[in-house]
$ cat model-v3.cif   # mmCIF, C-alpha atoms
data_input
loop_
_atom_site.label_atom_id
_atom_site.label_comp_id
_atom_site.auth_asym_id
_atom_site.auth_seq_id
_atom_site.Cartn_x
_atom_site.Cartn_y
_atom_site.Cartn_z
CA MET A 1 -19.36 -219.90 -188.65
CA LEU A 2 -21.83 -217.71 -186.78
CA PHE A 3 -23.88 -220.75 -185.81
CA GLU A 4 -20.87 -222.34 -184.13
CA LEU A 5 -20.17 -219.16 -182.17
CA LEU A 6 -23.72 -219.28 -180.83
CA THR A 7 -23.34 -222.80 -179.40
CA ALA A 8 -22.40 -223.90 -175.88
CA LYS A 9 -18.83 -224.35 -177.08
CA TYR A 10 -18.46 -220.56 -176.79
CA PRO A 11 -20.44 -219.65 -173.65
CA GLY A 12 -19.02 -216.14 -173.37
CA MET A 13 -19.07 -215.34 -177.06
CA ARG A 14 -22.59 -216.74 -177.44
CA ARG A 15 -24.21 -214.23 -175.08
CA TRP A 16 -22.13 -211.29 -176.25
CA LEU A 17 -22.69 -212.03 -179.94
CA THR A 18 -26.42 -212.69 -179.48
CA GLN A 19 -26.88 -209.24 -177.98
CA ARG A 20 -24.92 -207.61 -180.81
CA LEU A 21 -26.77 -209.51 -183.53
CA CYS A 22 -30.08 -208.49 -181.95
CA ALA A 23 -28.98 -204.86 -181.92
CA LEU A 24 -27.89 -205.09 -185.55
CA SER A 25 -31.20 -206.66 -186.55
CA MET A 26 -33.13 -203.90 -184.81
CA ALA A 27 -31.06 -201.24 -186.56
CA VAL A 28 -31.75 -202.81 -189.97
CA VAL A 29 -35.51 -203.06 -189.34
CA LEU A 30 -35.63 -199.48 -188.07
CA LEU A 31 -33.85 -198.34 -191.24
CA LEU A 32 -36.37 -200.25 -193.36
CA LEU A 33 -39.22 -198.70 -191.37
CA TRP A 34 -37.81 -195.24 -191.96
CA LEU A 35 -37.47 -195.91 -195.70
CA ARG A 36 -41.00 -197.30 -195.84
CA VAL A 37 -42.45 -194.32 -194.01
CA MET A 38 -40.53 -191.97 -196.34
CA TRP A 39 -41.78 -193.89 -199.38
CA LEU A 40 -45.44 -194.22 -198.40
CA SER A 41 -45.78 -191.00 -196.34
CA PRO A 42 -48.78 -192.12 -194.28
CA GLN A 43 -50.96 -189.14 -193.37
CA ASN A 44 -53.74 -190.65 -191.29
CA PHE A 45 -54.67 -193.67 -189.17
CA SER A 46 -55.83 -195.88 -192.04
CA GLU A 47 -52.66 -195.20 -194.04
CA TRP A 48 -50.51 -196.07 -191.01
CA GLN A 49 -52.59 -199.23 -190.55
CA ALA A 50 -52.08 -200.10 -194.21
CA LEU A 51 -48.34 -199.64 -193.78
CA PHE A 52 -48.26 -202.41 -191.16
CA ALA A 53 -50.87 -204.64 -192.85
CA PRO A 54 -48.74 -206.85 -195.17
CA LEU A 55 -47.90 -210.20 -193.63
CA TRP A 56 -44.17 -209.88 -194.44
CA TRP A 57 -44.02 -206.54 -192.67
CA ARG A 58 -45.81 -207.91 -189.61
CA LEU A 59 -43.36 -210.82 -189.50
CA LEU A 60 -40.49 -208.35 -189.75
CA THR A 61 -42.01 -206.30 -186.92
CA LEU A 62 -42.33 -209.48 -184.86
CA TRP A 63 -38.65 -210.22 -185.52
CA PHE A 64 -37.78 -206.69 -184.37
CA PHE A 65 -39.62 -207.11 -181.08
CA ALA A 66 -38.21 -210.61 -180.53
CA CYS A 67 -34.71 -209.17 -180.93
CA MET A 68 -35.51 -206.25 -178.66
CA LEU A 69 -36.92 -208.46 -175.90
CA LEU A 70 -33.99 -210.91 -176.11
CA HIS A 71 -31.51 -208.01 -176.10
CA ALA A 72 -33.23 -206.46 -173.07
CA TRP A 73 -33.53 -209.80 -171.24
CA LEU A 74 -29.81 -210.51 -171.59
CA GLY A 75 -28.90 -206.99 -170.48
CA VAL A 76 -31.23 -206.91 -167.48
CA ARG A 77 -30.07 -210.38 -166.43
CA ASP A 78 -26.47 -209.11 -166.32
CA VAL A 79 -27.54 -206.03 -164.35
CA LEU A 80 -29.38 -208.19 -161.80
CA ARG A 81 -26.41 -210.55 -161.47
CA ASP A 82 -24.12 -207.58 -160.83
CA TYR A 83 -26.26 -205.45 -158.55
CA VAL A 84 -28.43 -207.96 -156.62
CA PRO A 85 -26.16 -210.34 -154.72
CA HIS A 86 -29.01 -211.84 -152.66
CA LEU A 87 -30.07 -214.98 -154.56
CA GLY A 88 -33.71 -214.96 -153.39
CA ILE A 89 -34.32 -211.30 -154.26
CA ARG A 90 -32.54 -211.78 -157.57
CA ALA A 91 -34.68 -214.80 -158.43
CA VAL A 92 -37.88 -212.86 -157.69
CA LEU A 93 -36.71 -209.89 -159.78
CA GLN A 94 -35.64 -212.20 -162.62
CA TRP A 95 -39.09 -213.82 -162.60
CA LEU A 96 -40.74 -210.40 -162.74
CA VAL A 97 -38.51 -209.54 -165.71
CA ASN A 98 -39.38 -212.86 -167.37
CA ILE A 99 -43.09 -212.20 -166.89
CA ALA A 100 -42.70 -208.67 -168.32
CA VAL A 101 -40.79 -209.99 -171.34
CA TRP A 102 -43.29 -212.74 -172.09
CA GLY A 103 -46.19 -210.36 -171.44
CA ASN A 104 -44.76 -207.92 -173.94
CA ALA A 105 -44.15 -210.72 -176.44
CA LEU A 106 -47.77 -211.88 -176.17
CA ALA A 107 -49.03 -208.30 -176.49
CA VAL A 108 -46.96 -207.82 -179.65
CA LEU A 109 -48.29 -211.12 -181.06
CA TRP A 110 -51.86 -210.11 -180.31
CA ILE A 111 -51.43 -206.66 -181.85
CA LEU A 112 -49.75 -208.00 -184.99
CA PHE A 113 -51.80 -211.11 -185.63
CA GLY A 114 -54.88 -210.99 -183.40
CA MET A 115 -56.30 -207.71 -184.67
CA ASP A 116 -57.99 -207.01 -187.97
CA PHE A 117 -55.88 -205.10 -190.45
CA MET B 1 -4.86 -175.22 -150.58
CA ARG B 2 -7.65 -177.28 -149.07
CA PHE B 3 -7.78 -181.07 -149.12
CA SER B 4 -10.28 -183.60 -147.86
CA ILE B 5 -8.66 -187.01 -147.45
CA TYR B 6 -10.10 -190.44 -146.70
CA ARG B 7 -8.73 -191.77 -143.43
CA PHE B 8 -9.06 -195.25 -142.01
CA ASN B 9 -6.79 -197.07 -139.65
CA PRO B 10 -8.33 -200.50 -138.95
CA ASP B 11 -6.35 -200.78 -135.69
CA VAL B 12 -8.00 -197.65 -134.28
CA ASP B 13 -11.02 -196.56 -136.35
CA LYS B 14 -14.38 -198.30 -136.38
CA LYS B 15 -15.26 -196.76 -139.73
CA PRO B 16 -13.61 -194.48 -142.31
CA TYR B 17 -13.91 -190.70 -142.17
CA MET B 18 -12.81 -187.72 -144.24
CA GLN B 19 -10.18 -185.42 -142.74
CA ASP B 20 -9.68 -181.84 -143.93
CA TYR B 21 -6.24 -180.26 -144.35
CA ASP B 22 -5.28 -176.69 -145.17
CA VAL B 23 -1.78 -176.64 -146.58
CA THR B 24 0.48 -173.77 -147.53
CA LEU B 25 2.32 -174.78 -150.67
CA GLU B 26 5.66 -173.63 -151.99
CA ASP B 27 6.22 -172.46 -155.58
CA SER B 28 8.04 -175.71 -156.27
CA ASP B 29 4.96 -177.75 -155.37
CA GLN B 30 3.51 -178.43 -158.79
CA MET B 31 1.99 -181.87 -158.52
CA LEU B 32 -0.51 -183.45 -156.17
CA LEU B 33 2.18 -185.72 -154.76
CA ASP B 34 4.16 -182.62 -153.70
CA ALA B 35 1.12 -181.43 -151.75
CA LEU B 36 0.68 -184.87 -150.17
CA MET B 37 4.28 -184.76 -148.99
CA ARG B 38 3.55 -181.35 -147.40
CA ILE B 39 0.54 -182.92 -145.69
CA LYS B 40 2.70 -185.75 -144.42
CA GLU B 41 4.98 -183.15 -142.84
CA LEU B 42 1.91 -181.91 -140.92
CA ASP B 43 0.46 -185.33 -140.19
CA GLU B 44 2.85 -188.23 -140.51
CA SER B 45 0.10 -190.75 -139.72
CA LEU B 46 -1.30 -190.36 -143.27
CA SER B 47 -0.52 -193.51 -145.24
CA MET B 48 -0.02 -193.67 -149.00
CA ARG B 49 2.17 -195.38 -151.55
CA LYS B 50 4.71 -193.56 -153.68
CA SER B 51 8.00 -194.34 -155.35
CA CYS B 52 9.27 -192.95 -158.64
CA ARG B 53 7.31 -189.64 -158.47
CA GLU B 54 7.26 -189.40 -162.28
CA GLY B 55 4.40 -191.60 -163.51
CA VAL B 56 6.43 -194.73 -164.11
CA CYS B 57 5.91 -197.00 -161.10
CA GLY B 58 2.17 -196.52 -160.66
CA SER B 59 2.37 -196.70 -156.87
CA ASP B 60 0.49 -193.52 -156.06
CA ALA B 61 -2.72 -194.29 -157.94
CA MET B 62 -5.71 -192.93 -156.06
CA ASN B 63 -9.13 -191.45 -156.57
CA ILE B 64 -8.70 -187.71 -157.11
CA ASN B 65 -11.87 -185.59 -157.08
CA GLY B 66 -13.85 -188.66 -158.12
CA LYS B 67 -11.55 -189.86 -160.89
CA ASN B 68 -8.67 -192.31 -160.61
CA GLY B 69 -5.20 -191.01 -161.44
CA LEU B 70 -1.59 -190.81 -160.34
CA ALA B 71 -0.82 -188.17 -157.71
CA CYS B 72 2.68 -187.59 -159.10
CA ILE B 73 1.54 -186.47 -162.56
CA THR B 74 -1.66 -184.66 -161.54
CA LYS B 75 -1.13 -180.91 -161.68
CA LEU B 76 -2.35 -179.01 -158.62
CA SER B 77 -3.33 -176.07 -160.83
CA GLU B 78 -5.94 -178.24 -162.56
CA LEU B 79 -7.65 -179.42 -159.37
CA GLN B 80 -10.81 -177.96 -157.93
CA GLU B 81 -10.80 -177.24 -154.17
CA PRO B 82 -11.30 -178.89 -151.83
CA VAL B 83 -9.32 -181.69 -153.42
CA VAL B 84 -11.08 -184.89 -152.36
CA LEU B 85 -8.72 -187.87 -152.18
CA ARG B 86 -9.92 -191.42 -151.66
CA PRO B 87 -8.32 -194.83 -152.14
CA MET B 88 -9.02 -196.54 -155.46
CA PRO B 89 -12.54 -198.01 -155.36
CA GLY B 90 -13.32 -201.70 -155.56
CA LEU B 91 -10.35 -202.97 -153.54
CA PRO B 92 -10.08 -203.50 -149.76
CA VAL B 93 -8.49 -200.60 -147.90
CA ILE B 94 -5.43 -201.49 -145.85
CA ARG B 95 -5.04 -198.02 -144.42
CA ASP B 96 -5.93 -194.49 -145.61
CA LEU B 97 -5.03 -194.31 -149.32
CA VAL B 98 -3.36 -197.72 -149.42
CA VAL B 99 -5.39 -200.55 -150.95
CA ASP B 100 -4.83 -204.30 -151.04
CA MET B 101 -4.06 -205.08 -154.69
CA THR B 102 -3.92 -208.87 -154.28
CA GLN B 103 -7.06 -209.45 -156.35
CA PHE B 104 -5.79 -207.12 -159.07
CA PHE B 105 -2.51 -209.02 -159.38
CA ASP B 106 -4.25 -212.41 -159.11
CA ASN B 107 -6.29 -211.43 -162.16
CA TYR B 108 -3.17 -210.16 -163.90
CA HIS B 109 -1.35 -213.43 -163.26
CA SER B 110 -4.35 -215.44 -164.49
CA VAL B 111 -3.74 -214.27 -168.08
CA MET B 112 -0.19 -215.69 -168.03
CA PRO B 113 1.57 -212.37 -168.65
CA TYR B 114 4.80 -213.78 -169.97
CA LEU B 115 6.07 -214.96 -173.34
CA GLN B 116 5.42 -218.63 -174.05
CA ASN B 117 7.65 -219.97 -176.78
CA HIS B 118 8.60 -223.64 -176.80
CA ASP B 119 11.35 -223.41 -179.41
CA THR B 120 14.95 -223.67 -178.35
CA PRO B 121 16.06 -220.16 -177.37
CA PRO B 122 18.26 -218.56 -180.06
CA GLU B 123 21.75 -217.34 -179.34
CA THR B 124 20.56 -213.74 -179.38
CA GLU B 125 17.08 -212.31 -178.89
CA ARG B 126 13.94 -213.56 -180.67
CA LEU B 127 13.55 -211.15 -183.55
CA GLN B 128 10.34 -209.52 -184.76
CA SER B 129 9.55 -207.60 -187.91
CA PRO B 130 8.94 -203.86 -187.36
CA GLU B 131 5.27 -204.48 -188.25
CA ASP B 132 4.89 -207.21 -185.63
CA ARG B 133 6.71 -205.11 -183.07
CA ALA B 134 4.39 -202.18 -183.79
CA LYS B 135 1.41 -204.32 -182.76
CA LEU B 136 2.65 -204.13 -179.16
CA ASP B 137 2.63 -200.34 -179.06
CA GLY B 138 -0.03 -199.03 -176.73
CA LEU B 139 0.00 -202.32 -174.80
CA TYR B 140 3.41 -202.87 -173.26
CA GLU B 141 3.50 -199.37 -171.73
CA CYS B 142 0.99 -200.32 -169.02
CA ILE B 143 2.46 -199.69 -165.57
CA LEU B 144 -0.16 -201.75 -163.68
CA CYS B 145 -1.21 -198.90 -161.45
CA GLY B 146 -4.75 -200.30 -161.29
CA ALA B 147 -6.48 -197.00 -162.11
CA CYS B 148 -8.40 -198.54 -165.02
CA THR B 149 -9.46 -201.77 -163.35
CA THR B 150 -10.68 -200.03 -160.20
CA SER B 151 -12.71 -197.59 -162.32
CA CYS B 152 -14.63 -200.45 -163.87
CA PRO B 153 -18.05 -201.36 -162.38
CA SER B 154 -17.78 -204.85 -163.89
CA PHE B 155 -14.66 -205.35 -161.74
CA TRP B 156 -16.36 -203.86 -158.68
CA TRP B 157 -19.19 -206.39 -158.88
CA ASN B 158 -17.18 -209.39 -160.12
CA PRO B 159 -13.58 -208.88 -158.99
CA ASP B 160 -12.88 -212.62 -158.78
CA LYS B 161 -14.48 -213.44 -162.16
CA PHE B 162 -13.86 -210.50 -164.51
CA VAL B 163 -10.17 -210.07 -165.32
CA GLY B 164 -10.46 -206.29 -165.61
CA PRO B 165 -9.08 -203.86 -168.20
CA ALA B 166 -5.43 -203.97 -167.09
CA GLY B 167 -5.29 -207.76 -167.08
CA LEU B 168 -7.09 -208.01 -170.41
CA MET B 169 -4.79 -205.48 -172.02
CA GLN B 170 -1.81 -207.52 -170.84
CA ALA B 171 -3.53 -210.67 -172.15
CA TYR B 172 -3.76 -209.01 -175.56
CA ARG B 173 -0.17 -207.79 -175.30
CA PHE B 174 0.92 -211.46 -175.42
CA ILE B 175 -1.85 -212.64 -177.76
CA ALA B 176 -0.65 -210.04 -180.28
CA ASP B 177 3.02 -210.95 -179.81
CA SER B 178 4.32 -212.76 -182.91
CA ARG B 179 6.87 -214.62 -180.76
CA ASP B 180 4.27 -216.20 -178.51
CA GLN B 181 3.07 -219.73 -179.40
CA GLU B 182 0.10 -220.07 -177.05
CA GLN B 183 -2.36 -217.73 -178.69
CA ASP B 184 -5.14 -220.34 -178.88
CA ALA B 185 -4.73 -221.31 -175.22
CA ARG B 186 -4.75 -217.64 -174.22
CA LEU B 187 -8.00 -217.05 -176.10
CA GLU B 188 -9.52 -220.20 -174.66
CA ASN B 189 -8.53 -218.99 -171.19
CA LEU B 190 -10.83 -215.98 -171.68
CA GLU B 191 -13.85 -217.93 -172.97
CA ASP B 192 -16.45 -217.81 -170.25
CA PRO B 193 -19.27 -215.35 -169.60
CA TYR B 194 -17.23 -213.32 -167.11
CA ARG B 195 -13.48 -213.18 -167.73
CA LEU B 196 -13.64 -211.15 -170.95
CA TYR B 197 -17.27 -210.66 -171.86
CA ARG B 198 -18.28 -208.84 -168.69
CA CYS B 199 -16.82 -205.72 -170.28
CA HIS B 200 -19.74 -203.52 -171.36
CA ASN B 201 -17.59 -200.91 -173.10
CA ILE B 202 -18.38 -198.01 -170.79
CA MET B 203 -14.76 -196.94 -171.29
CA ASN B 204 -14.03 -195.69 -167.78
CA CYS B 205 -10.71 -197.53 -168.18
CA THR B 206 -9.66 -195.55 -171.23
CA ASP B 207 -10.87 -192.31 -169.66
CA VAL B 208 -8.71 -192.63 -166.54
CA CYS B 209 -5.52 -194.30 -167.85
CA PRO B 210 -2.63 -192.04 -166.73
CA LYS B 211 -0.49 -193.39 -169.59
CA LYS B 212 -3.20 -192.52 -172.15
CA LEU B 213 -3.56 -196.16 -173.20
CA ASN B 214 -6.77 -197.71 -174.48
CA PRO B 215 -7.66 -200.97 -172.67
CA ASN B 216 -11.10 -200.90 -174.28
CA ALA B 217 -9.56 -201.17 -177.75
CA ALA B 218 -7.46 -204.13 -176.60
CA ILE B 219 -10.58 -205.86 -175.24
CA ALA B 220 -12.40 -205.26 -178.53
CA ALA B 221 -9.38 -206.62 -180.42
CA ILE B 222 -9.50 -209.85 -178.38
CA LYS B 223 -13.20 -210.29 -179.22
CA ASP B 224 -12.51 -209.66 -182.93
CA LEU B 225 -9.66 -212.16 -182.87
CA LYS B 226 -11.86 -214.79 -181.23
CA ILE B 227 -14.37 -214.39 -184.07
CA GLU B 228 -11.59 -214.61 -186.67
CA LYS B 229 -10.21 -217.76 -185.03
CA ALA B 230 -13.64 -219.39 -184.91
CA LYS B 231 -14.14 -218.50 -188.57
CA ALA B 232 -10.79 -220.03 -189.54
CA HIS B 233 -11.54 -223.11 -187.44
CA SER B 234 -14.94 -223.49 -189.08
CA GLU B 235 -13.54 -223.13 -192.59
CA ALA B 236 -10.80 -225.66 -191.92
CA LYS B 237 -13.08 -228.53 -190.95
CA PRO B 238 -15.59 -230.33 -193.20
CA GLY B 239 -19.12 -229.11 -192.58
CA LYS B 240 -22.70 -229.51 -193.65
CA LYS B 241 -23.73 -227.62 -196.74
CA ILE B 242 -27.24 -226.58 -197.69
CA PHE B 243 -27.66 -225.34 -201.28
CA GLY B 244 -23.88 -225.03 -201.45
CA ILE B 245 -23.68 -222.80 -198.37
CA LYS B 246 -21.75 -224.08 -195.39
CA VAL B 247 -24.02 -223.80 -192.36
CA LEU B 248 -22.34 -225.92 -189.67
#

$ encode --input "model-v3.cif" --output "structure tokens"
Amino acid sequence: MLFELLTAKYPGMRRWLTQRLCALSMAVVLLLLWLRVMWLSPQNFSEWQALFAPLWWRLLTLWFFACMLLHAWLGVRDVLRDYVPHLGIRAVLQWLVNIAVWGNALAVLWILFGMDF
Amino acid sequence: MRFSIYRFNPDVDKKPYMQDYDVTLEDSDQMLLDALMRIKELDESLSMRKSCREGVCGSDAMNINGKNGLACITKLSELQEPVVLRPMPGLPVIRDLVVDMTQFFDNYHSVMPYLQNHDTPPETERLQSPEDRAKLDGLYECILCGACTTSCPSFWWNPDKFVGPAGLMQAYRFIADSRDQEQDARLENLEDPYRLYRCHNIMNCTDVCPKKLNPNAAIAAIKDLKIEKAKAHSEAKPGKKIFGIKVL
């Protein structure tokens, strides 16, 4: 049912629901992070590093950031469409936002999978 | 009492300006509309709408100290001086406090705000159960003053695309009506990125409604109903199953 709501058949619902699902995903991951920090009580750098070391946790963290960036991209796109009526200026700003989003995504990827844990 | 009122006469003025008035009020002057009538005695060129003077017609909606409301039910004793009066934002000004509400009513008409029932009309009225009738409470009381819609930034930026809180609440008033037979068409009519989904739930509409209604709740109810309808539609048709779970 959710898959159908995220198709082009529901153009309004798709964007609205995507943003809400992203927010819900982030809330769940943040709750898990809080529980994990409570459980492991990391006290120093190496313990914090160990907390993020397992592959499943890094994948979950990647999912969190993917949701956050998609949520932010949809929101900022709406703001630009509302507040920047000039098409040229809006296009430039949207490209800057796109670059920032992809830049952040690559940085997250590099931190999570390009560094030694 | 001191007032600062937005003035603009397109036949004479090149741009709008604020005009100050000092008015001596009588004991019987309780509401803002009473004070405005005193001001009109001093300056009959001031233009504004008014009619019922008791919060029923919605004619005298205006921006009062930065917040939309009805002059006739706004108590003078609760207003900070100088009382700054402006026309409702987001609509073209015709003159002074009078705005052109054509766009507002175009949006209202776009939701088909009338009962659509294709059955032969009964001899008496179409009956509803008390439970079904109760679903319309908090919806039908809207007086279409425009205070909510003109408080909404989504309407300011997309007046021709976003229906606005008043129109959406009236859409839900008929969607929720058990006598109406066009619920699916009404929901379909709101399915694009702007008409319904441009609402970002900032709740200015609910904050300013002079009838204490909650357009935001009606908008949320429409979204919930659209999800329920899609769910029912999905369950009704044969779909692909993976490991026994229906995925499409």

$ resolve_selection --input "model-v3.cif" --expression "the PyMOL selection byres ((chain A) within 8 of (chain B))" --output "mmCIF file with C-alpha atoms, in the coordinates of the input"
data_model
loop_
_atom_site.group_PDB
_atom_site.id
_atom_site.type_symbol
_atom_site.label_atom_id
_atom_site.label_comp_id
_atom_site.auth_asym_id
_atom_site.auth_seq_id
_atom_site.Cartn_x
_atom_site.Cartn_y
_atom_site.Cartn_z
ATOM 1 C CA MET A 1 -19.360 -219.900 -188.650
ATOM 2 C CA LEU A 2 -21.830 -217.710 -186.780
ATOM 3 C CA PHE A 3 -23.880 -220.750 -185.810
ATOM 4 C CA GLU A 4 -20.870 -222.340 -184.130
ATOM 5 C CA LEU A 5 -20.170 -219.160 -182.170
ATOM 6 C CA TYR A 10 -18.460 -220.560 -176.790
ATOM 7 C CA PRO A 11 -20.440 -219.650 -173.650
ATOM 8 C CA GLY A 12 -19.020 -216.140 -173.370
ATOM 9 C CA MET A 13 -19.070 -215.340 -177.060
ATOM 10 C CA ARG A 15 -24.210 -214.230 -175.080
ATOM 11 C CA TRP A 16 -22.130 -211.290 -176.250
ATOM 12 C CA ASP A 82 -24.120 -207.580 -160.830
ATOM 13 C CA TYR A 83 -26.260 -205.450 -158.550
#

$ residues_around --input "model-v3.cif" --residues "range 58-62 of chain B" --least-positions-apart "4" --cutoff "8 Å" --atoms "only C-alpha atoms" --output "list in words"
Met48, Arg49, Lys50, Ser51, Asn68, Gly69, Leu70, Ala71, Cys72, Leu85, Arg86, Pro87, Met88, Leu97, Ile143, Leu144, Cys145, Gly146 and Ala147 of chain B

$ resolve_selection --input "model-v3.cif" --expression "the PyMOL selection byres ((chain B and resi 73-81) around 8)" --output "ChimeraX atom specification"
/B:1-3,30-33,53-55,65,69-72,82-84

$ write_last_selection --input "model-v3.cif" --atoms "C-alpha atoms" --output "PDB file, keeping the file's coordinate frame"
ATOM      1  CA  MET B   1      -4.860-175.220-150.580  1.00  0.00           C
ATOM      2  CA  ARG B   2      -7.650-177.280-149.070  1.00  0.00           C
ATOM      3  CA  PHE B   3      -7.780-181.070-149.120  1.00  0.00           C
ATOM      4  CA  GLN B  30       3.510-178.430-158.790  1.00  0.00           C
ATOM      5  CA  MET B  31       1.990-181.870-158.520  1.00  0.00           C
ATOM      6  CA  LEU B  32      -0.510-183.450-156.170  1.00  0.00           C
ATOM      7  CA  LEU B  33       2.180-185.720-154.760  1.00  0.00           C
ATOM      8  CA  ARG B  53       7.310-189.640-158.470  1.00  0.00           C
ATOM      9  CA  GLU B  54       7.260-189.400-162.280  1.00  0.00           C
ATOM     10  CA  GLY B  55       4.400-191.600-163.510  1.00  0.00           C
ATOM     11  CA  ASN B  65     -11.870-185.590-157.080  1.00  0.00           C
ATOM     12  CA  GLY B  69      -5.200-191.010-161.440  1.00  0.00           C
ATOM     13  CA  LEU B  70      -1.590-190.810-160.340  1.00  0.00           C
ATOM     14  CA  ALA B  71      -0.820-188.170-157.710  1.00  0.00           C
ATOM     15  CA  CYS B  72       2.680-187.590-159.100  1.00  0.00           C
ATOM     16  CA  PRO B  82     -11.300-178.890-151.830  1.00  0.00           C
ATOM     17  CA  VAL B  83      -9.320-181.690-153.420  1.00  0.00           C
ATOM     18  CA  VAL B  84     -11.080-184.890-152.360  1.00  0.00           C
TER      19      VAL B  84
END

$ residues_near_point --input "model-v3.cif" --point "(-36.7, -209.9, -176.6)" --cutoff "12 Å" --atoms "only C-alpha atoms" --output "PyMOL selection string"
chain A and resi 18-19+22-23+25-26+62-76+97-106+108

$ closest_residue --input "model-v3.cif" --among "B:Lys135, B:Arg95, B:Lys229, B:Lys212" --to "Pro10 in chain B" --atoms "all atoms listed in the file"
B:Arg95

$ atom_distance --input "model-v3.cif" --atom1 "CA of Asn9 in chain B" --atom2 "CA of Leu25 in chain B"
26.5 Å

$ decode --input "model-v3.cif" --residues "range 62-78 of chain A" --atoms "C-alpha atoms" --output "mmCIF file, in the first residue's frame"
data_model
loop_
_atom_site.group_PDB
_atom_site.id
_atom_site.type_symbol
_atom_site.label_atom_id
_atom_site.label_comp_id
_atom_site.auth_asym_id
_atom_site.auth_seq_id
_atom_site.Cartn_x
_atom_site.Cartn_y
_atom_site.Cartn_z
ATOM 1 C CA LEU A 62 23.992 5.875 6.369
ATOM 2 C CA TRP A 63 20.221 5.321 6.196
ATOM 3 C CA PHE A 64 19.747 8.079 8.786
ATOM 4 C CA PHE A 65 21.763 10.578 6.766
ATOM 5 C CA ALA A 66 20.105 9.556 3.494
ATOM 6 C CA CYS A 67 16.716 10.242 5.102
ATOM 7 C CA MET A 68 17.930 13.530 6.548
ATOM 8 C CA LEU A 69 19.329 14.762 3.236
ATOM 9 C CA LEU A 70 16.196 13.728 1.303
ATOM 10 C CA HIS A 71 13.975 15.350 3.952
ATOM 11 C CA ALA A 72 16.031 18.560 3.795
ATOM 12 C CA TRP A 73 16.174 18.567 -0.018
ATOM 13 C CA LEU A 74 12.383 18.303 -0.320
ATOM 14 C CA GLY A 75 11.866 21.021 2.285
ATOM 15 C CA VAL A 76 14.397 23.460 0.832
ATOM 16 C CA ARG A 77 13.015 22.861 -2.672
ATOM 17 C CA ASP A 78 9.561 23.921 -1.449
#
